[in-house]
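K.L.:
Sending over target_34.cif (mmCIF, C-alpha atoms).
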```cif
data_query
loop_
_atom_site.group_PDB
_atom_site.id
_atom_site.type_symbol
_atom_site.label_atom_id
_atom_site.label_comp_id
_atom_site.auth_asym_id
_atom_site.auth_seq_id
_atom_site.Cartn_x
_atom_site.Cartn_y
_atom_site.Cartn_z
ATOM 1 C CA MET S 1 198.500 98.860 197.171
ATOM 2 C CA ASP S 2 197.593 102.405 196.188
ATOM 3 C CA ASN S 3 199.984 103.405 193.390
ATOM 4 C CA LYS S 4 198.982 107.066 193.705
ATOM 5 C CA LYS S 5 200.122 107.170 197.339
ATOM 6 C CA SER S 6 203.476 105.567 196.465
ATOM 7 C CA ILE S 7 203.967 107.877 193.491
ATOM 8 C CA GLU S 8 203.222 110.882 195.708
ATOM 9 C CA LEU S 9 205.851 109.799 198.264
ATOM 10 C CA LEU S 10 208.381 109.031 195.537
ATOM 11 C CA ASN S 11 207.856 112.434 193.882
ATOM 12 C CA LYS S 12 208.329 114.189 197.239
ATOM 13 C CA ALA S 13 211.630 112.340 197.509
ATOM 14 C CA VAL S 14 212.579 113.355 193.939
ATOM 15 C CA ALA S 15 211.923 116.996 194.867
ATOM 16 C CA ASP S 16 214.106 116.689 197.977
ATOM 17 C CA GLU S 17 216.928 114.992 196.077
ATOM 18 C CA LEU S 18 216.845 117.586 193.279
ATOM 19 C CA HIS S 19 217.049 120.337 195.859
ATOM 20 C CA ALA S 20 220.058 118.604 197.444
ATOM 21 C CA VAL S 21 221.785 118.257 194.049
ATOM 22 C CA HIS S 22 221.320 121.959 193.275
ATOM 23 C CA GLN S 23 222.382 123.027 196.755
ATOM 24 C CA TYR S 24 225.441 120.798 196.941
ATOM 25 C CA MET S 25 226.645 121.805 193.488
ATOM 26 C CA TYR S 26 226.261 125.489 194.390
ATOM 27 C CA TRP S 27 228.366 124.909 197.503
ATOM 28 C CA HIS S 28 230.855 122.796 195.535
ATOM 29 C CA PHE S 29 231.415 125.680 193.088
ATOM 30 C CA HIS S 30 231.936 128.216 195.871
ATOM 31 C CA LEU S 31 234.231 126.043 197.983
ATOM 32 C CA ASP S 32 236.292 125.214 194.900
ATOM 33 C CA ASP S 33 236.531 128.917 194.042
ATOM 34 C CA GLN S 34 237.719 129.639 197.586
ATOM 35 C CA GLY S 35 240.411 126.964 197.289
ATOM 36 C CA PHE S 36 238.875 124.355 199.613
ATOM 37 C CA GLY S 37 239.447 121.373 197.315
ATOM 38 C CA PRO S 38 238.637 118.438 199.619
ATOM 39 C CA LEU S 39 235.436 120.017 200.961
ATOM 40 C CA SER S 40 234.436 120.995 197.435
ATOM 41 C CA ALA S 41 235.079 117.460 196.179
ATOM 42 C CA LEU S 42 233.007 116.002 199.031
ATOM 43 C CA LEU S 43 230.003 118.117 198.091
ATOM 44 C CA ARG S 44 230.405 117.271 194.402
ATOM 45 C CA ARG S 45 230.632 113.545 195.163
ATOM 46 C CA VAL S 46 227.538 113.634 197.392
ATOM 47 C CA ALA S 47 225.621 115.598 194.729
ATOM 48 C CA ILE S 48 226.405 112.851 192.214
ATOM 49 C CA VAL S 49 225.116 110.197 194.631
ATOM 50 C CA GLU S 50 221.951 112.269 195.079
ATOM 51 C CA MET S 51 221.533 112.323 191.275
ATOM 52 C CA GLY S 52 221.616 108.539 191.378
ATOM 53 C CA HIS S 53 218.857 108.642 193.983
ATOM 54 C CA VAL S 54 216.713 110.720 191.623
ATOM 55 C CA GLU S 55 217.216 108.100 188.937
ATOM 56 C CA ARG S 56 216.213 105.210 191.236
ATOM 57 C CA LEU S 57 213.150 107.077 192.427
ATOM 58 C CA ALA S 58 212.159 108.019 188.872
ATOM 59 C CA GLU S 59 212.480 104.415 187.700
ATOM 60 C CA ARG S 60 210.091 103.294 190.455
ATOM 61 C CA ILE S 61 207.622 106.085 189.645
ATOM 62 C CA LEU S 62 207.597 105.087 185.990
ATOM 63 C CA PHE S 63 207.211 101.399 186.920
ATOM 64 C CA LEU S 64 204.112 102.386 188.916
ATOM 65 C CA LYS S 65 202.820 104.199 185.778
ATOM 66 C CA GLY S 66 203.278 107.656 187.268
ATOM 67 C CA ASP S 67 204.998 110.761 185.984
ATOM 68 C CA VAL S 68 208.182 112.162 187.495
ATOM 69 C CA ASP S 69 207.871 115.709 188.826
ATOM 70 C CA MET S 70 211.294 117.264 188.257
ATOM 71 C CA VAL S 71 210.778 120.279 190.522
ATOM 72 C CA PRO S 72 213.221 120.871 193.415
ATOM 73 C CA ALA S 73 211.718 121.128 196.913
ATOM 74 C CA GLY S 74 213.340 124.490 197.597
ATOM 75 C CA SER S 75 215.618 127.182 196.323
ATOM 76 C CA VAL S 76 219.379 127.309 196.725
ATOM 77 C CA GLU S 77 220.595 128.885 199.953
ATOM 78 C CA ARG S 78 223.353 131.351 199.113
ATOM 79 C CA ILE S 79 225.724 130.357 201.891
ATOM 80 C CA THR S 80 229.424 130.607 201.052
ATOM 81 C CA GLU S 81 231.206 130.341 204.427
ATOM 82 C CA PRO S 82 232.768 126.827 204.707
ATOM 83 C CA ALA S 83 231.747 125.973 208.285
ATOM 84 C CA GLU S 84 228.200 127.166 207.691
ATOM 85 C CA ILE S 85 227.993 125.157 204.454
ATOM 86 C CA ILE S 86 229.070 121.933 206.153
ATOM 87 C CA ASN S 87 226.717 122.460 209.111
ATOM 88 C CA ARG S 88 223.797 123.138 206.776
ATOM 89 C CA ALA S 89 224.640 120.093 204.635
ATOM 90 C CA ALA S 90 224.651 117.895 207.753
ATOM 91 C CA ALA S 91 221.260 119.300 208.774
ATOM 92 C CA MET S 92 219.863 118.612 205.296
ATOM 93 C CA GLU S 93 220.980 114.991 205.548
ATOM 94 C CA GLN S 94 219.398 114.613 209.006
ATOM 95 C CA ASP S 95 216.129 115.973 207.609
ATOM 96 C CA ALA S 96 216.315 113.495 204.716
ATOM 97 C CA VAL S 97 216.878 110.573 207.101
ATOM 98 C CA ARG S 98 213.785 111.525 209.119
ATOM 99 C CA MET S 99 211.709 112.005 205.975
ATOM 100 C CA TYR S 100 212.775 108.731 204.319
ATOM 101 C CA ASN S 101 212.178 106.760 207.520
ATOM 102 C CA GLN S 102 208.657 108.192 207.598
ATOM 103 C CA PHE S 103 208.146 107.471 203.890
ATOM 104 C CA ALA S 104 209.330 103.862 204.405
ATOM 105 C CA LEU S 105 206.714 103.429 207.126
ATOM 106 C CA GLU S 106 204.007 104.907 204.907
ATOM 107 C CA ALA S 107 205.025 102.724 201.958
ATOM 108 C CA GLY S 108 204.887 99.670 204.231
ATOM 109 C CA GLN S 109 201.405 100.632 205.422
ATOM 110 C CA ASN S 110 200.471 100.973 201.744
ATOM 111 C CA ALA S 111 201.640 97.363 201.152
ATOM 112 C CA ASP S 112 204.365 98.558 198.750
ATOM 113 C CA SER S 113 207.453 96.741 199.940
ATOM 114 C CA ALA S 114 209.558 97.639 196.874
ATOM 115 C CA THR S 115 209.078 101.367 197.488
ATOM 116 C CA LYS S 116 209.655 100.795 201.208
ATOM 117 C CA GLN S 117 212.988 99.117 200.416
ATOM 118 C CA ILE S 118 214.035 102.047 198.218
ATOM 119 C CA PHE S 119 213.371 104.486 201.054
ATOM 120 C CA GLU S 120 215.218 102.256 203.524
ATOM 121 C CA SER S 121 218.260 102.154 201.238
ATOM 122 C CA LEU S 122 218.127 105.945 200.888
ATOM 123 C CA VAL S 123 218.183 106.234 204.686
ATOM 124 C CA ILE S 124 221.472 104.327 204.749
ATOM 125 C CA ASP S 125 223.014 106.591 202.090
ATOM 126 C CA GLU S 126 221.790 109.778 203.778
ATOM 127 C CA GLU S 127 223.122 108.616 207.154
ATOM 128 C CA THR S 128 226.503 108.053 205.507
ATOM 129 C CA HIS S 129 226.414 111.569 204.038
ATOM 130 C CA PHE S 130 225.428 112.999 207.417
ATOM 131 C CA ASP S 131 228.373 111.207 209.016
ATOM 132 C CA GLU S 132 230.797 112.634 206.430
ATOM 133 C CA PHE S 133 229.503 116.181 206.894
ATOM 134 C CA ASP S 134 229.335 115.818 210.673
ATOM 135 C CA LYS S 135 233.003 114.708 210.807
ATOM 136 C CA GLN S 136 234.011 117.718 208.710
ATOM 137 C CA ALA S 137 231.972 120.051 210.940
ATOM 138 C CA ASP S 138 233.615 118.534 214.012
ATOM 139 C CA ASN S 139 237.084 118.991 212.498
ATOM 140 C CA ILE S 140 236.346 122.614 211.643
ATOM 141 C CA LYS S 141 235.064 123.210 215.172
ATOM 142 C CA ARG S 142 238.014 121.405 216.778
ATOM 143 C CA PHE S 143 240.826 122.798 214.668
ATOM 144 C CA GLY S 144 239.314 126.056 213.445
ATOM 145 C CA PRO S 145 241.036 128.073 210.724
ATOM 146 C CA SER S 146 244.021 125.690 210.747
ATOM 147 C CA TYR S 147 241.819 122.882 209.427
ATOM 148 C CA LEU S 148 240.470 125.065 206.630
ATOM 149 C CA VAL S 149 243.998 126.136 205.673
ATOM 150 C CA LEU S 150 244.921 122.459 205.270
ATOM 151 C CA GLN S 151 241.911 122.057 202.989
ATOM 152 C CA SER S 152 243.314 124.639 200.601
ATOM 153 C CA PHE S 153 246.727 122.921 200.440
ATOM 154 C CA ASN S 154 245.170 119.567 199.532
ATOM 155 C CA LYS S 155 243.328 120.774 196.423
ATOM 156 C CA GLY S 156 245.619 119.059 193.893
ATOM 157 C CA ALA S 157 245.709 115.777 195.780
ATOM 158 C CA GLU S 158 241.903 115.657 195.977
ATOM 159 C CA GLU S 159 241.563 116.148 192.233
ATOM 160 C CA GLY S 160 244.011 113.377 191.446
ATOM 161 C CA GLY S 161 246.958 115.691 190.812
ATOM 162 C CA GLU S 162 249.979 116.329 192.938
ATOM 163 C CA SER S 163 249.578 118.015 196.278
ATOM 164 C CA ALA S 164 251.383 121.199 197.237
ATOM 165 C CA ASP S 165 254.392 120.535 199.425
#
```
Can you dump the structure from the file as structure tokens?

P.N.:
Amino acid sequence: MDNKKSIELLNKAVADELHAVHQYMYWHFHLDDQGFGPLSALLRRVAIVEMGHVERLAERILFLKGDVDMVPAGSVERITEPAEIINRAAAMEQDAVRMYNQFALEAGQNADSATKQIFESLVIDEETHFDEFDKQADNIKRFGPSYLVLQSFNKGAEEGGESAD
């Protein structure tokens, strides 16, 4: 097993996850400010899961005696329109699934089954996130502005408070 190769793949994943955290939090702030509580909460929740991914990846890097590069893979896209946000989030998750499947294959070829298993578990999480975003995108497309209006009425319920009647 070549630790350097595994560390390189893991650090690429850290960069991607950090970018996702920054992007999703940016969108969370804007959707919350616009009154779209449930969509905002979804992005916040997914960002927190992505932070957990960074931690798992970092632990493996350190186990392999590497150093964690805490540099996001890209800059935040300044999108604030709800439908566009959800579509872009779904696309980001699809990209992550493709990347982590490829990284799992490369880790397997490198005889690093522990790193391979981490990437395989990330694929499952990212597919779940894609599904959540894809369902929201479909609802927005199907129901249009009416669906987004309902999002604004559910803000209190999503945050654990009382919903507006």

K.L.:
Residues picked by the PyMOL selection byres ((chain S and resi 58) around 10) here, as a PyMOL selection string?

P.N.:
chain S and resi 7+10-11+13-14+52-57+59-64+66-70

K.L.:
For C-alpha atoms, I'd like the residues from the last selection saved as a compact mmCIF listing (two decimals), in the frame of the given file.

P.N.:
```txt
# COMPACT_ATOMS: atom_id res chain seq x y z
CA ILE S 7 203.97 107.88 193.49
CA LEU S 10 208.38 109.03 195.54
CA ASN S 11 207.86 112.43 193.88
CA ALA S 13 211.63 112.34 197.51
CA VAL S 14 212.58 113.36 193.94
CA GLY S 52 221.62 108.54 191.38
CA HIS S 53 218.86 108.64 193.98
CA VAL S 54 216.71 110.72 191.62
CA GLU S 55 217.22 108.10 188.94
CA ARG S 56 216.21 105.21 191.24
CA LEU S 57 213.15 107.08 192.43
CA GLU S 59 212.48 104.42 187.70
CA ARG S 60 210.09 103.29 190.46
CA ILE S 61 207.62 106.08 189.64
CA LEU S 62 207.60 105.09 185.99
CA PHE S 63 207.21 101.40 186.92
CA LEU S 64 204.11 102.39 188.92
CA GLY S 66 203.28 107.66 187.27
CA ASP S 67 205.00 110.76 185.98
CA VAL S 68 208.18 112.16 187.50
CA ASP S 69 207.87 115.71 188.83
CA MET S 70 211.29 117.26 188.26
```

K.L.:
Within 12 Å of region 71-85 of chain S, counting all atoms listed in the file, which residues qualify if same-chain residues fewer than 5 places away don't, as an MDAnalysis selection string?

P.N.:
chainID S and resid 11:40 42:43 54 90:92 96 133:145 147:149 151:152

K.L.:
Quick one: which residues end up in the PyMOL selection byres ((chain S and resi 112-118) around 9) for this structure, as a PDB file with C-alpha atoms, in the frame of the given file?

P.N.:
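For reference, selection.pdb as written:
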```
ATOM      1  CA  MET S   1     198.500  98.860 197.171  1.00  0.00           C
ATOM      2  CA  ASP S   2     197.593 102.405 196.188  1.00  0.00           C
ATOM      3  CA  ASN S   3     199.984 103.405 193.390  1.00  0.00           C
ATOM      4  CA  SER S   6     203.476 105.567 196.465  1.00  0.00           C
ATOM      5  CA  LEU S  10     208.381 109.031 195.537  1.00  0.00           C
ATOM      6  CA  ARG S  56     216.213 105.210 191.236  1.00  0.00           C
ATOM      7  CA  LEU S  57     213.150 107.077 192.427  1.00  0.00           C
ATOM      8  CA  ARG S  60     210.091 103.294 190.455  1.00  0.00           C
ATOM      9  CA  PHE S 103     208.146 107.471 203.890  1.00  0.00           C
ATOM     10  CA  ALA S 104     209.330 103.862 204.405  1.00  0.00           C
ATOM     11  CA  LEU S 105     206.714 103.429 207.126  1.00  0.00           C
ATOM     12  CA  GLU S 106     204.007 104.907 204.907  1.00  0.00           C
ATOM     13  CA  ALA S 107     205.025 102.724 201.958  1.00  0.00           C
ATOM     14  CA  GLY S 108     204.887  99.670 204.231  1.00  0.00           C
ATOM     15  CA  GLN S 109     201.405 100.632 205.422  1.00  0.00           C
ATOM     16  CA  ASN S 110     200.471 100.973 201.744  1.00  0.00           C
ATOM     17  CA  ALA S 111     201.640  97.363 201.152  1.00  0.00           C
ATOM     18  CA  PHE S 119     213.371 104.486 201.054  1.00  0.00           C
ATOM     19  CA  GLU S 120     215.218 102.256 203.524  1.00  0.00           C
ATOM     20  CA  SER S 121     218.260 102.154 201.238  1.00  0.00           C
ATOM     21  CA  LEU S 122     218.127 105.945 200.888  1.00  0.00           C
ATOM     22  CA  VAL S 123     218.183 106.234 204.686  1.00  0.00           C
TER      23      VAL S 123
END
```

K.L.:
Record the distance separating CA of Asp125 (chain S) and CA of Lys65 (chain S), expressed in Å with one decimal.

P.N.:
26.1 Å

K.L.:
Report the distance between CA of Glu93 (chain S) and CA of Lys4 (chain S) in Å, rounded to one decimal place.

P.N.:
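So the two atoms, CA of Glu93 (chain S) and CA of Lys4 (chain S), lie 26.2 Å apart.
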
K.L.:
Using Å and a single decimal, report how far CA of Arg98 (chain S) sits from CA of Met51 (chain S).

P.N.:
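Interatomic distance, CA of Met51 (chain S) to CA of Arg98 (chain S): 19.5 Å.
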
K.L.:
May I have the centre and edge lengths, in Å to one decimal, of an axis-aligned box around the listed atoms of region 66-78 of chain S with 5 Å added to every side, as lines of an AutoDock Vina configuration file?

P.N.:
```
center_x = 213.3
center_y = 119.5
center_z = 193.0
size_x = 30.1
size_y = 33.7
size_z = 24.0
```

K.L.:
Name the closest residue to Asp131 (chain S) among the candidates S:Leu9, S:Leu150, S:Met99, S:Val46; distances are taken between atoms, counting all atoms listed in the file.

P.N.:
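Counting all atoms listed in the file, the residue closest to Asp131 (chain S) is S:Val46.
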